[in-house]
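Asks: If you scroll down you'll find the structure; I have some questions about it.
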2 protein chains.
Amino acid sequence: MEAAITLFGERGYENTTIAALAEAAGVGKGTIYSYFRSKNEILLAFCEEELAYIHEEIRRKLTPEASLQDKMLLLFMSEFNYVTKNKEFGRTLMREMMFPRELMVQHSRKIEDQFIGMFVRIFKEAQEQGQLRRDVEMIMLCGHFYGIYMIALSAWYSGRLQSEDDVRESLKMMFEQALTGLMPKDGQRHESA
Amino acid sequence: MEAAITLFGERGYENTTIAALAEAAGVGKGTIYSYFRSKNEILLAFCEEELAYIHEEIRRKLTPEASLQDKMLLLFMSEFNYVTKNKEFGRTLMREMMFPRELMVQHSRKIEDQFIGMFVRIFKEAQEQGQLRRDVEMIMLCGHFYGIYMIALSAWYSGRLQSEDDVRESLKMMFEQALTGLMPKDGQRHESA
DNA sequence: GCATCAAATTGACCGGAGTCGTTTTTTATT
DNA sequence: AATAAAAAACGACTCCGGTCAATTTGATGC
């Protein structure tokens, strides 16, 4: 793991070979595979540690009196900055997180659960302040917000959103829309030309 | 492409080697790489064709008088069934679609645009019937619905949602919530115990 | 028919992920 | 200390995606 932190940081994930990792760790190539089942598993283990740290940091930055939107924005933009510090690294991570192979499911779940923990805390506060419906399951709320984040991230990877600011603006707008709903308010209905 | 359709169908994407593809097509390995830049590019090209066909089929099934939710459900469940017919094939496709490498961006955009075309048609109808706000950009609407689908699909890949029915139910519920909004209606506010 | 050049084709080759039979180290037993 | 058994470490090897220099094909002009 120490070798991974060093080498992934230095040259990125794809440019780090297992052989190099083994050498840096002072062990044989085969030994690595008796602790990790694949190169991607090393990445996830690596991120599990890193993200736990980052989440702790986010938690400290979160001011309880901020609006739900602002909290979400802070959380996801921190995440975004971490994931996209190295574009190719983040891509591999997100691919493995969102669409894990059978072997990786436990890992990606563990990381997801870190997220869910933070979300739930924030959502409960928001419910108490009357900013969020109480009749929507926590896991669904997570889904709504994370779904929006995923789409924004994906749009960034495909070049539809180009800058960090584009991403922030999109998130902000979509959070607002998700909260108020996509249906017309009754008054606005039937204004068709 | 013909060889790809045959072999991907027979043994799946990962179990098809470029060498096998070349042999089946009756050409050398190198020749393939003068038409496609990578194995994944073959996959995307393959899906571009397939999906165009499937989308045409969906379009035929869509009854104009159905509710927005029902239309979306039909569309995404068709998609879901296609993508998950072969789990590993779908995983690779979704990974490449959502988090494309620089080289693949054009391809994944083309496929996305097929989707967006369908969405826009449906959304316009829904707006005319007063089922959808008019002050939200089309691309944002796409984002909301596709985001929900992505999350559901991801939950299926990570085992949180186990059956097709679980996925359908989740989609249904989340569409409803996205339409009505996650904020409390004014009446319900401040009912905290 | 022949020469020339561009385009297309090819498969030997390369690098890296992952496997496996062998060797080394550790632990347990007498 | 000697021996046996279990665990850990190892790196040569396999497999496959992708590259590239060499070769073949085909078009054009004389």
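By convention here, the chains of the structure tokens are called A, B, ... in the order presented, each chain's residues are numbered starting at 1, and ligands are numbered starting at 1 in the order presented.
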Present chain B as a PDB file with C-alpha atoms, in the first residue's frame, least-squares fitted onto chain A over all of its C-alpha atoms paired in order.

Replies:
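Wrote result-v9.pdb, looks like this:
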```pdb
ATOM      1  CA  MET B   1       0.097   0.074  -0.042  1.00  0.00           C
ATOM      2  CA  GLU B   2       2.939   2.499   0.692  1.00  0.00           C
ATOM      3  CA  ALA B   3       4.533   1.718  -2.639  1.00  0.00           C
ATOM      4  CA  ALA B   4       1.151   2.225  -4.304  1.00  0.00           C
ATOM      5  CA  ILE B   5       0.642   5.613  -2.700  1.00  0.00           C
ATOM      6  CA  THR B   6       4.073   6.697  -3.906  1.00  0.00           C
ATOM      7  CA  LEU B   7       3.944   5.326  -7.420  1.00  0.00           C
ATOM      8  CA  PHE B   8       0.294   6.093  -8.207  1.00  0.00           C
ATOM      9  CA  GLY B   9       0.980   9.622  -7.053  1.00  0.00           C
ATOM     10  CA  GLU B  10       4.153   9.923  -9.112  1.00  0.00           C
ATOM     11  CA  ARG B  11       3.154   8.418 -12.427  1.00  0.00           C
ATOM     12  CA  GLY B  12      -0.540   7.721 -12.135  1.00  0.00           C
ATOM     13  CA  TYR B  13      -2.358   4.447 -12.008  1.00  0.00           C
ATOM     14  CA  GLU B  14      -2.067   3.218 -15.577  1.00  0.00           C
ATOM     15  CA  ASN B  15       1.619   3.986 -15.855  1.00  0.00           C
ATOM     16  CA  THR B  16       2.413   1.975 -12.768  1.00  0.00           C
ATOM     17  CA  THR B  17       3.092  -1.669 -13.527  1.00  0.00           C
ATOM     18  CA  ILE B  18       2.671  -4.433 -11.028  1.00  0.00           C
ATOM     19  CA  ALA B  19       6.325  -5.284 -11.546  1.00  0.00           C
ATOM     20  CA  ALA B  20       7.319  -1.740 -10.553  1.00  0.00           C
ATOM     21  CA  LEU B  21       5.017  -1.889  -7.564  1.00  0.00           C
ATOM     22  CA  ALA B  22       6.569  -5.172  -6.492  1.00  0.00           C
ATOM     23  CA  GLU B  23      10.086  -3.862  -6.844  1.00  0.00           C
ATOM     24  CA  ALA B  24       9.285  -0.669  -4.943  1.00  0.00           C
ATOM     25  CA  ALA B  25       7.760  -2.742  -2.176  1.00  0.00           C
ATOM     26  CA  GLY B  26      10.752  -5.076  -2.195  1.00  0.00           C
ATOM     27  CA  VAL B  27       8.731  -8.210  -2.817  1.00  0.00           C
ATOM     28  CA  GLY B  28       8.031 -10.537  -5.726  1.00  0.00           C
ATOM     29  CA  LYS B  29       5.207 -10.000  -8.169  1.00  0.00           C
ATOM     30  CA  GLY B  30       3.373 -13.063  -6.978  1.00  0.00           C
ATOM     31  CA  THR B  31       3.361 -11.853  -3.381  1.00  0.00           C
ATOM     32  CA  ILE B  32       1.270  -8.850  -4.352  1.00  0.00           C
ATOM     33  CA  TYR B  33      -1.352 -11.178  -5.726  1.00  0.00           C
ATOM     34  CA  SER B  34      -1.605 -13.025  -2.444  1.00  0.00           C
ATOM     35  CA  TYR B  35      -2.791  -9.774  -0.860  1.00  0.00           C
ATOM     36  CA  PHE B  36      -4.762  -8.231  -3.733  1.00  0.00           C
ATOM     37  CA  ARG B  37      -6.725 -10.088  -6.357  1.00  0.00           C
ATOM     38  CA  SER B  38      -6.131  -7.572  -9.130  1.00  0.00           C
ATOM     39  CA  LYS B  39      -4.535  -4.267  -9.916  1.00  0.00           C
ATOM     40  CA  ASN B  40      -7.899  -2.552  -9.591  1.00  0.00           C
ATOM     41  CA  GLU B  41      -8.281  -3.958  -6.115  1.00  0.00           C
ATOM     42  CA  ILE B  42      -5.133  -2.118  -5.137  1.00  0.00           C
ATOM     43  CA  LEU B  43      -6.688   1.058  -6.476  1.00  0.00           C
ATOM     44  CA  LEU B  44      -9.854   0.589  -4.468  1.00  0.00           C
ATOM     45  CA  ALA B  45      -7.971  -0.246  -1.304  1.00  0.00           C
ATOM     46  CA  PHE B  46      -5.881   2.864  -1.888  1.00  0.00           C
ATOM     47  CA  CYS B  47      -8.991   5.004  -2.326  1.00  0.00           C
ATOM     48  CA  GLU B  48     -10.725   3.524   0.643  1.00  0.00           C
ATOM     49  CA  GLU B  49      -7.989   4.978   2.817  1.00  0.00           C
ATOM     50  CA  GLU B  50      -7.718   8.268   1.000  1.00  0.00           C
ATOM     51  CA  LEU B  51     -11.440   8.852   0.877  1.00  0.00           C
ATOM     52  CA  ALA B  52     -11.952   8.130   4.541  1.00  0.00           C
ATOM     53  CA  TYR B  53      -9.487  10.906   5.224  1.00  0.00           C
ATOM     54  CA  ILE B  54     -11.081  13.300   2.756  1.00  0.00           C
ATOM     55  CA  HIS B  55     -14.532  12.631   4.088  1.00  0.00           C
ATOM     56  CA  GLU B  56     -13.337  13.467   7.551  1.00  0.00           C
ATOM     57  CA  GLU B  57     -12.068  16.754   6.197  1.00  0.00           C
ATOM     58  CA  ILE B  58     -15.334  17.513   4.439  1.00  0.00           C
ATOM     59  CA  ARG B  59     -17.224  16.758   7.586  1.00  0.00           C
ATOM     60  CA  ARG B  60     -15.182  19.370   9.413  1.00  0.00           C
ATOM     61  CA  LYS B  61     -15.864  21.971   6.766  1.00  0.00           C
ATOM     62  CA  LEU B  62     -19.620  21.424   6.803  1.00  0.00           C
ATOM     63  CA  THR B  63     -21.334  24.181   8.715  1.00  0.00           C
ATOM     64  CA  PRO B  64     -24.583  22.895  10.220  1.00  0.00           C
ATOM     65  CA  GLU B  65     -26.476  26.084   9.437  1.00  0.00           C
ATOM     66  CA  ALA B  66     -25.778  26.039   5.693  1.00  0.00           C
ATOM     67  CA  SER B  67     -28.560  25.135   3.285  1.00  0.00           C
ATOM     68  CA  LEU B  68     -28.870  21.603   1.986  1.00  0.00           C
ATOM     69  CA  GLN B  69     -27.812  22.737  -1.484  1.00  0.00           C
ATOM     70  CA  ASP B  70     -24.672  24.344  -0.149  1.00  0.00           C
ATOM     71  CA  LYS B  71     -23.744  21.306   1.846  1.00  0.00           C
ATOM     72  CA  MET B  72     -24.234  19.050  -1.122  1.00  0.00           C
ATOM     73  CA  LEU B  73     -22.270  21.366  -3.320  1.00  0.00           C
ATOM     74  CA  LEU B  74     -19.361  21.447  -0.907  1.00  0.00           C
ATOM     75  CA  LEU B  75     -19.386  17.700  -0.551  1.00  0.00           C
ATOM     76  CA  PHE B  76     -19.545  16.875  -4.226  1.00  0.00           C
ATOM     77  CA  MET B  77     -17.119  19.538  -5.326  1.00  0.00           C
ATOM     78  CA  SER B  78     -14.562  18.240  -2.828  1.00  0.00           C
ATOM     79  CA  GLU B  79     -15.144  14.817  -4.239  1.00  0.00           C
ATOM     80  CA  PHE B  80     -14.901  16.135  -7.754  1.00  0.00           C
ATOM     81  CA  ASN B  81     -11.616  17.842  -7.067  1.00  0.00           C
ATOM     82  CA  TYR B  82     -10.168  14.700  -5.589  1.00  0.00           C
ATOM     83  CA  VAL B  83     -11.355  12.409  -8.335  1.00  0.00           C
ATOM     84  CA  THR B  84     -10.283  14.678 -11.148  1.00  0.00           C
ATOM     85  CA  LYS B  85      -6.917  15.722  -9.732  1.00  0.00           C
ATOM     86  CA  ASN B  86      -5.696  12.991 -12.026  1.00  0.00           C
ATOM     87  CA  LYS B  87      -8.247  12.478 -14.779  1.00  0.00           C
ATOM     88  CA  GLU B  88      -7.272   8.966 -15.725  1.00  0.00           C
ATOM     89  CA  PHE B  89      -6.986   7.834 -12.158  1.00  0.00           C
ATOM     90  CA  GLY B  90     -10.447   9.171 -11.402  1.00  0.00           C
ATOM     91  CA  ARG B  91     -11.879   7.501 -14.465  1.00  0.00           C
ATOM     92  CA  THR B  92     -10.660   4.106 -13.402  1.00  0.00           C
ATOM     93  CA  LEU B  93     -11.918   4.671  -9.889  1.00  0.00           C
ATOM     94  CA  MET B  94     -15.379   5.784 -10.983  1.00  0.00           C
ATOM     95  CA  ARG B  95     -15.696   2.943 -13.451  1.00  0.00           C
ATOM     96  CA  GLU B  96     -14.904   0.470 -10.739  1.00  0.00           C
ATOM     97  CA  MET B  97     -17.183   2.185  -8.260  1.00  0.00           C
ATOM     98  CA  MET B  98     -20.228   2.525 -10.467  1.00  0.00           C
ATOM     99  CA  PHE B  99     -19.964  -0.686 -12.457  1.00  0.00           C
ATOM    100  CA  PRO B 100     -17.938  -3.056 -10.317  1.00  0.00           C
ATOM    101  CA  ARG B 101     -16.937  -6.532 -11.317  1.00  0.00           C
ATOM    102  CA  GLU B 102     -18.230  -9.280  -9.066  1.00  0.00           C
ATOM    103  CA  LEU B 103     -14.862  -9.433  -7.324  1.00  0.00           C
ATOM    104  CA  MET B 104     -14.893  -5.744  -6.489  1.00  0.00           C
ATOM    105  CA  VAL B 105     -18.424  -5.425  -5.236  1.00  0.00           C
ATOM    106  CA  GLN B 106     -17.496  -5.528  -1.557  1.00  0.00           C
ATOM    107  CA  HIS B 107     -14.868  -2.849  -1.981  1.00  0.00           C
ATOM    108  CA  SER B 108     -17.031  -0.480  -3.949  1.00  0.00           C
ATOM    109  CA  ARG B 109     -19.829  -0.994  -1.455  1.00  0.00           C
ATOM    110  CA  LYS B 110     -17.556  -0.112   1.410  1.00  0.00           C
ATOM    111  CA  ILE B 111     -16.636   3.153  -0.249  1.00  0.00           C
ATOM    112  CA  GLU B 112     -20.258   3.844  -1.131  1.00  0.00           C
ATOM    113  CA  ASP B 113     -21.191   3.256   2.457  1.00  0.00           C
ATOM    114  CA  GLN B 114     -18.755   5.937   3.541  1.00  0.00           C
ATOM    115  CA  PHE B 115     -20.700   8.285   1.321  1.00  0.00           C
ATOM    116  CA  ILE B 116     -24.066   7.149   2.442  1.00  0.00           C
ATOM    117  CA  GLY B 117     -23.042   7.755   6.028  1.00  0.00           C
ATOM    118  CA  MET B 118     -22.278  11.375   5.272  1.00  0.00           C
ATOM    119  CA  PHE B 119     -25.407  11.825   3.233  1.00  0.00           C
ATOM    120  CA  VAL B 120     -27.679  10.438   5.871  1.00  0.00           C
ATOM    121  CA  ARG B 121     -26.307  12.779   8.483  1.00  0.00           C
ATOM    122  CA  ILE B 122     -26.895  15.756   6.212  1.00  0.00           C
ATOM    123  CA  PHE B 123     -30.326  14.613   5.119  1.00  0.00           C
ATOM    124  CA  LYS B 124     -31.500  14.089   8.671  1.00  0.00           C
ATOM    125  CA  GLU B 125     -30.480  17.626   9.553  1.00  0.00           C
ATOM    126  CA  ALA B 126     -32.238  18.911   6.461  1.00  0.00           C
ATOM    127  CA  GLN B 127     -35.392  17.018   7.321  1.00  0.00           C
ATOM    128  CA  GLU B 128     -35.375  18.503  10.775  1.00  0.00           C
ATOM    129  CA  GLN B 129     -35.091  21.960   9.285  1.00  0.00           C
ATOM    130  CA  GLY B 130     -37.978  21.219   6.952  1.00  0.00           C
ATOM    131  CA  GLN B 131     -35.804  21.385   3.858  1.00  0.00           C
ATOM    132  CA  LEU B 132     -36.425  17.799   2.835  1.00  0.00           C
ATOM    133  CA  ARG B 133     -39.415  15.511   2.614  1.00  0.00           C
ATOM    134  CA  ARG B 134     -39.681  12.888   5.306  1.00  0.00           C
ATOM    135  CA  ASP B 135     -41.563  10.373   3.222  1.00  0.00           C
ATOM    136  CA  VAL B 136     -38.638   9.535   0.933  1.00  0.00           C
ATOM    137  CA  GLU B 137     -36.303   6.775   2.050  1.00  0.00           C
ATOM    138  CA  MET B 138     -32.749   7.810   2.843  1.00  0.00           C
ATOM    139  CA  ILE B 139     -31.342   5.497   0.208  1.00  0.00           C
ATOM    140  CA  MET B 140     -33.563   7.131  -2.398  1.00  0.00           C
ATOM    141  CA  LEU B 141     -32.425  10.582  -1.388  1.00  0.00           C
ATOM    142  CA  CYS B 142     -28.843   9.437  -1.753  1.00  0.00           C
ATOM    143  CA  GLY B 143     -29.731   8.126  -5.170  1.00  0.00           C
ATOM    144  CA  HIS B 144     -31.195  11.396  -6.344  1.00  0.00           C
ATOM    145  CA  PHE B 145     -28.230  13.477  -5.331  1.00  0.00           C
ATOM    146  CA  TYR B 146     -25.578  10.997  -6.297  1.00  0.00           C
ATOM    147  CA  GLY B 147     -27.313  10.489  -9.629  1.00  0.00           C
ATOM    148  CA  ILE B 148     -27.051  14.165 -10.359  1.00  0.00           C
ATOM    149  CA  TYR B 149     -23.403  14.139  -9.414  1.00  0.00           C
ATOM    150  CA  MET B 150     -22.726  11.123 -11.621  1.00  0.00           C
ATOM    151  CA  ILE B 151     -24.297  12.779 -14.606  1.00  0.00           C
ATOM    152  CA  ALA B 152     -22.318  15.944 -14.083  1.00  0.00           C
ATOM    153  CA  LEU B 153     -19.110  13.977 -13.701  1.00  0.00           C
ATOM    154  CA  SER B 154     -19.896  11.974 -16.786  1.00  0.00           C
ATOM    155  CA  ALA B 155     -20.586  15.161 -18.711  1.00  0.00           C
ATOM    156  CA  TRP B 156     -17.189  16.415 -17.614  1.00  0.00           C
ATOM    157  CA  TYR B 157     -15.470  13.254 -18.801  1.00  0.00           C
ATOM    158  CA  SER B 158     -17.178  13.470 -22.160  1.00  0.00           C
ATOM    159  CA  GLY B 159     -16.319  17.154 -22.496  1.00  0.00           C
ATOM    160  CA  ARG B 160     -19.858  18.519 -22.292  1.00  0.00           C
ATOM    161  CA  LEU B 161     -18.874  20.351 -19.141  1.00  0.00           C
ATOM    162  CA  GLN B 162     -15.424  21.786 -19.499  1.00  0.00           C
ATOM    163  CA  SER B 163     -14.410  23.579 -16.349  1.00  0.00           C
ATOM    164  CA  GLU B 164     -14.808  23.019 -12.656  1.00  0.00           C
ATOM    165  CA  ASP B 165     -17.121  26.018 -12.655  1.00  0.00           C
ATOM    166  CA  ASP B 166     -19.346  24.479 -15.309  1.00  0.00           C
ATOM    167  CA  VAL B 167     -19.682  21.442 -13.117  1.00  0.00           C
ATOM    168  CA  ARG B 168     -20.472  23.511 -10.025  1.00  0.00           C
ATOM    169  CA  GLU B 169     -23.099  25.531 -11.847  1.00  0.00           C
ATOM    170  CA  SER B 170     -24.754  22.446 -13.269  1.00  0.00           C
ATOM    171  CA  LEU B 171     -24.851  20.755  -9.908  1.00  0.00           C
ATOM    172  CA  LYS B 172     -26.310  23.817  -8.285  1.00  0.00           C
ATOM    173  CA  MET B 173     -29.007  24.162 -10.870  1.00  0.00           C
ATOM    174  CA  MET B 174     -29.943  20.502 -10.835  1.00  0.00           C
ATOM    175  CA  PHE B 175     -30.054  20.298  -7.055  1.00  0.00           C
ATOM    176  CA  GLU B 176     -32.465  23.197  -7.073  1.00  0.00           C
ATOM    177  CA  GLN B 177     -34.611  21.533  -9.713  1.00  0.00           C
ATOM    178  CA  ALA B 178     -34.593  18.191  -7.938  1.00  0.00           C
ATOM    179  CA  LEU B 179     -35.742  19.863  -4.750  1.00  0.00           C
ATOM    180  CA  THR B 180     -38.530  21.869  -6.308  1.00  0.00           C
ATOM    181  CA  GLY B 181     -39.559  19.115  -8.702  1.00  0.00           C
ATOM    182  CA  LEU B 182     -39.779  18.841 -12.459  1.00  0.00           C
ATOM    183  CA  MET B 183     -43.545  19.092 -12.587  1.00  0.00           C
ATOM    184  CA  PRO B 184     -45.107  22.461 -13.201  1.00  0.00           C
ATOM    185  CA  LYS B 185     -46.524  24.169 -10.144  1.00  0.00           C
ATOM    186  CA  ASP B 186     -50.269  24.191 -10.508  1.00  0.00           C
ATOM    187  CA  GLY B 187     -50.452  27.857 -11.393  1.00  0.00           C
ATOM    188  CA  GLN B 188     -48.087  27.529 -14.337  1.00  0.00           C
ATOM    189  CA  ARG B 189     -49.919  24.698 -16.009  1.00  0.00           C
ATOM    190  CA  HIS B 190     -51.607  24.984 -19.423  1.00  0.00           C
ATOM    191  CA  GLU B 191     -49.851  28.112 -20.488  1.00  0.00           C
ATOM    192  CA  SER B 192     -49.170  26.416 -23.837  1.00  0.00           C
ATOM    193  CA  ALA B 193     -49.170  28.834 -26.749  1.00  0.00           C
TER     194      ALA B 193
END
```

Asks: Sort by chain and increasing residue number a table of all residues of chain C within 12 Å of chain B, each with its closest pair of atoms and their distance in Å to one decimal, counting only C-alpha atoms (C1' of nucleotides), and write it as a Markdown table.

Replies:
```
| residue | atom | partner | partner_atom | distance |
| --- | --- | --- | --- | --- |
| C:DA7 | C1' | B:Ser34 | CA | 11.4 |
| C:DA8 | C1' | B:Thr31 | CA | 8.1 |
| C:DT9 | C1' | B:Thr31 | CA | 6.0 |
| C:DT10 | C1' | B:Gly28 | CA | 5.7 |
| C:DG11 | C1' | B:Gly28 | CA | 7.2 |
| C:DA12 | C1' | B:Gly30 | CA | 11.2 |
```

Asks: Could you take the residues named above and write them with C-alpha atoms (C1' of nucleotides), as a PDB file, in the first residue's frame?

Replies:
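What follows is the written file out_14.pdb:
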```
ATOM      1  C1'  DA C   7      -2.561   2.704 -49.733  1.00  0.00           C
ATOM      2  C1'  DA C   8      -3.765  -1.413 -47.545  1.00  0.00           C
ATOM      3  C1'  DT C   9      -2.440  -5.618 -45.283  1.00  0.00           C
ATOM      4  C1'  DT C  10       0.201  -8.387 -42.413  1.00  0.00           C
ATOM      5  C1'  DG C  11       2.136 -11.020 -38.493  1.00  0.00           C
ATOM      6  C1'  DA C  12       6.329 -10.916 -35.671  1.00  0.00           C
TER       7       DA C  12
END
```

Asks: Provide the atom C1' of DA21 of chain D to atom C1' of DG15 of chain C distance in Å, to one decimal place.

Replies: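 One can read the atom C1' of DA21 of chain D to atom C1' of DG15 of chain C distance as 18.1 Å.
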
Asks: At what distance in Å, to one decimal, does atom C1' of DC13 of chain C lie from atom C1' of DT25 of chain D?

Replies: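 Value for the atom C1' of DT25 of chain D-atom C1' of DC13 of chain C distance: 23.9 Å.
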
Asks: Write out as JSON lines the residues of chain D that have any atom within 9 Å of an atom of chain A, one row each with the nearest atom pair and its distance in Å to one decimal, counting only C-alpha atoms (C1' of nucleotides), sorted by chain and then rising number.

Replies:
```
{"residue": "D:DA8", "atom": "C1'", "partner": "A:Thr31", "partner_atom": "CA", "distance": 7.9}
{"residue": "D:DA9", "atom": "C1'", "partner": "A:Thr31", "partner_atom": "CA", "distance": 5.8}
{"residue": "D:DC10", "atom": "C1'", "partner": "A:Gly28", "partner_atom": "CA", "distance": 5.6}
{"residue": "D:DG11", "atom": "C1'", "partner": "A:Gly28", "partner_atom": "CA", "distance": 7.1}
```

Asks: What parts of segment 19-182 of chain B does DSSP call alpha helix (DSSP H)? I'd like the answer as JSON, numbers by chain.

Replies: {"B": [19, 20, 21, 22, 23, 24, 25, 29, 30, 31, 32, 39, 40, 41, 42, 43, 44, 45, 46, 47, 48, 49, 50, 51, 52, 53, 54, 55, 56, 57, 58, 59, 60, 61, 68, 69, 70, 71, 72, 73, 74, 75, 76, 77, 78, 79, 80, 81, 82, 83, 84, 87, 88, 89, 90, 91, 92, 93, 94, 95, 96, 97, 98, 105, 106, 107, 108, 109, 110, 111, 112, 113, 114, 115, 116, 117, 118, 119, 120, 121, 122, 123, 124, 125, 126, 127, 128, 138, 139, 140, 141, 142, 143, 144, 145, 146, 147, 148, 149, 150, 151, 152, 153, 154, 155, 156, 157, 164, 165, 166, 167, 168, 169, 170, 171, 172, 173, 174, 175, 176, 177, 178, 179, 180]}
